[in-house]
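Pasted below: entry00.cif, mmCIF, C-alpha atoms.
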data_model
#
loop_
_atom_site.label_atom_id
_atom_site.label_comp_id
_atom_site.auth_asym_id
_atom_site.auth_seq_id
_atom_site.Cartn_x
_atom_site.Cartn_y
_atom_site.Cartn_z
CA MET B 1 -40.70 -20.80 -11.25
CA ASN B 2 -42.91 -19.75 -8.38
CA LEU B 3 -41.99 -16.15 -7.47
CA PRO B 4 -43.35 -16.13 -3.87
CA LEU B 5 -41.48 -19.37 -3.12
CA PHE B 6 -38.29 -17.88 -4.60
CA LYS B 7 -38.63 -14.74 -2.46
CA GLN B 8 -39.23 -16.78 0.69
CA MET B 9 -36.23 -19.02 0.04
CA MET B 10 -34.03 -15.95 -0.58
CA LYS B 11 -35.15 -14.49 2.77
CA ILE B 12 -34.39 -17.74 4.54
CA ASN B 13 -30.98 -18.26 2.89
CA LEU B 14 -29.80 -14.64 2.85
CA LYS B 15 -27.64 -15.15 5.95
CA GLY B 16 -25.79 -18.10 4.41
CA ILE B 17 -25.30 -16.31 1.11
CA SER B 18 -23.95 -13.21 2.86
CA ASN B 19 -21.60 -15.34 5.00
CA TYR B 20 -20.07 -16.90 1.90
CA ALA B 21 -19.85 -13.49 0.20
CA PHE B 22 -18.14 -11.80 3.16
CA GLY B 23 -15.78 -14.74 3.65
CA SER B 24 -14.84 -14.67 -0.01
CA ALA B 25 -14.28 -10.90 0.07
CA PHE B 26 -12.12 -11.26 3.18
CA TYR B 27 -10.04 -13.93 1.44
CA ILE B 28 -9.42 -11.64 -1.54
CA LEU B 29 -8.34 -8.85 0.81
CA LEU B 30 -6.01 -11.31 2.54
CA MET B 31 -4.49 -12.24 -0.82
CA PHE B 32 -3.91 -8.55 -1.63
CA TRP B 33 -2.25 -8.14 1.76
CA LEU B 34 -0.02 -11.21 1.30
CA TYR B 35 1.08 -10.47 -2.26
CA PRO B 36 3.94 -8.03 -1.46
CA GLY B 37 5.66 -10.75 0.57
CA ILE B 38 5.20 -13.26 -2.22
CA ALA B 39 6.28 -10.80 -4.93
CA ASP B 40 9.87 -11.02 -3.68
CA ASN B 41 9.97 -14.73 -4.53
CA THR B 42 8.17 -14.79 -7.88
CA GLY B 43 11.21 -16.14 -9.70
CA ALA B 44 11.39 -19.18 -7.42
CA LEU B 45 7.64 -19.74 -7.68
CA ASN B 46 7.73 -19.55 -11.47
CA ASP B 47 10.62 -22.04 -11.56
CA LEU B 48 8.61 -24.37 -9.33
CA MET B 49 5.62 -24.01 -11.62
CA GLU B 50 7.70 -24.87 -14.68
CA ALA B 51 8.87 -28.04 -12.94
CA MET B 52 5.28 -29.20 -12.41
CA PRO B 53 3.49 -31.32 -15.01
CA ASP B 54 1.27 -29.43 -17.44
CA GLY B 55 -1.85 -31.24 -16.27
CA LEU B 56 -1.36 -30.07 -12.70
CA VAL B 57 -0.75 -26.48 -13.77
CA ASN B 58 -3.89 -26.56 -15.94
CA ALA B 59 -5.98 -28.16 -13.19
CA PHE B 60 -5.28 -25.32 -10.78
CA GLY B 61 -5.41 -22.58 -13.42
CA ILE B 62 -1.99 -21.07 -12.72
CA GLN B 63 -0.72 -20.83 -16.29
CA GLY B 64 -0.05 -17.09 -15.92
CA GLY B 65 2.56 -17.54 -13.22
CA PHE B 66 2.98 -15.24 -10.26
CA GLY B 67 4.66 -12.29 -11.96
CA SER B 68 1.90 -9.77 -11.28
CA MET B 69 -0.80 -9.27 -8.69
CA GLU B 70 -3.50 -10.09 -11.23
CA ALA B 71 -1.85 -13.40 -12.09
CA PHE B 72 -1.46 -14.24 -8.41
CA ILE B 73 -5.09 -13.47 -7.58
CA SER B 74 -6.39 -15.33 -10.61
CA GLY B 75 -4.26 -18.36 -9.79
CA GLU B 76 -5.01 -18.46 -6.09
CA TYR B 77 -8.59 -17.30 -5.90
CA TYR B 78 -10.30 -17.79 -9.24
CA GLY B 79 -8.40 -20.95 -10.12
CA LEU B 80 -8.67 -22.80 -6.82
CA ILE B 81 -10.75 -21.28 -4.03
CA LEU B 82 -13.76 -19.87 -5.90
CA PRO B 83 -14.74 -23.11 -7.71
CA LEU B 84 -14.34 -25.01 -4.45
CA LEU B 85 -16.50 -22.52 -2.53
CA LEU B 86 -19.15 -22.49 -5.24
CA ALA B 87 -19.32 -26.28 -5.31
CA ILE B 88 -19.69 -26.51 -1.53
CA PHE B 89 -22.29 -23.73 -1.47
CA SER B 90 -24.31 -25.25 -4.31
CA VAL B 91 -24.45 -28.70 -2.71
CA MET B 92 -25.30 -27.34 0.73
CA LEU B 93 -27.98 -24.95 -0.55
CA SER B 94 -29.69 -27.46 -2.83
CA THR B 95 -29.73 -30.09 -0.09
CA GLN B 96 -31.06 -27.59 2.42
CA LEU B 97 -33.76 -26.34 0.05
CA MET B 98 -35.15 -29.82 -0.48
CA ALA B 99 -34.66 -31.11 3.06
CA ARG B 100 -36.24 -28.06 4.73
CA LEU B 101 -39.51 -28.42 2.84
CA VAL B 102 -39.63 -32.17 3.47
CA ASP B 103 -38.86 -31.75 7.20
CA GLN B 104 -41.55 -29.09 7.60
CA GLY B 105 -44.10 -31.29 5.89
CA SER B 106 -44.61 -28.95 2.96
CA MET B 107 -43.61 -31.65 0.49
#
Translate this file's structure into structure tokens.
Amino acid sequence: MNLPLFKQMMKINLKGISNYAFGSAFYILLMFWLYPGIADNTGALNDLMEAMPDGLVNAFGIQGGFGSMEAFISGEYYGLILPLLLAIFSVMLSTQLMARLVDQGSM
């Protein structure tokens, strides 16, 4: 890997990376803020989860239920939102890295 090129691309894409990081951190804080309201209905949510097919529960990573805050955060954020955000970010960044150099005439 070319170190000067890596440093330059990090400088250029630092704003986008920080936007995704701050948005993700805000979403986690929102989940912590919403959990006390959801904690009152964990029995109903767990019953709903048991009624779902196993494949659907495994696809979204909510096997732990919603009995604790850790299970709620892992089901909501790490099971659903984080992989989606990482996929979008990876596609956008890789496309931008190649297209920027081609548009500028560097490649």
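Here CA of Gln8 in chain B stands at a distance of 15.6 Å from CA of Val102 in chain B.
Selection result for the displayed file, with the PyMOL selection byres ((chain B and resi 20) around 12) as criterion, is Asn13, Leu14, Lys15, Gly16, Ile17, Ser18, Asn19, Ala21, Phe22, Gly23, Ser24, Ala25, Phe26, Tyr27, Ile81, Leu82, Leu84, Leu85, Leu86, Ala87, Ile88, Phe89, Ser90, Met92 and Leu93 of chain B.
Reported to one decimal place, the separation of CA of Gly79 in chain B from CA of Asn58 in chain B is 9.3 Å.
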query: If you measure from CA of Gly43 in chain B to CA of Pro83 in chain B, what distance in Å do you get, rounded to one decimal?
result: 26.9 Å
task: Identify all residues satisfying the PyMOL selection byres ((chain B and resi 31-35) around 9) in the given file; provide them as a list in words.
output: Phe26, Tyr27, Ile28, Leu29, Leu30, Pro36, Gly37, Ile38, Ala39, Asp40, Met69, Phe72, Ile73, Glu76 and Tyr77 of chain B
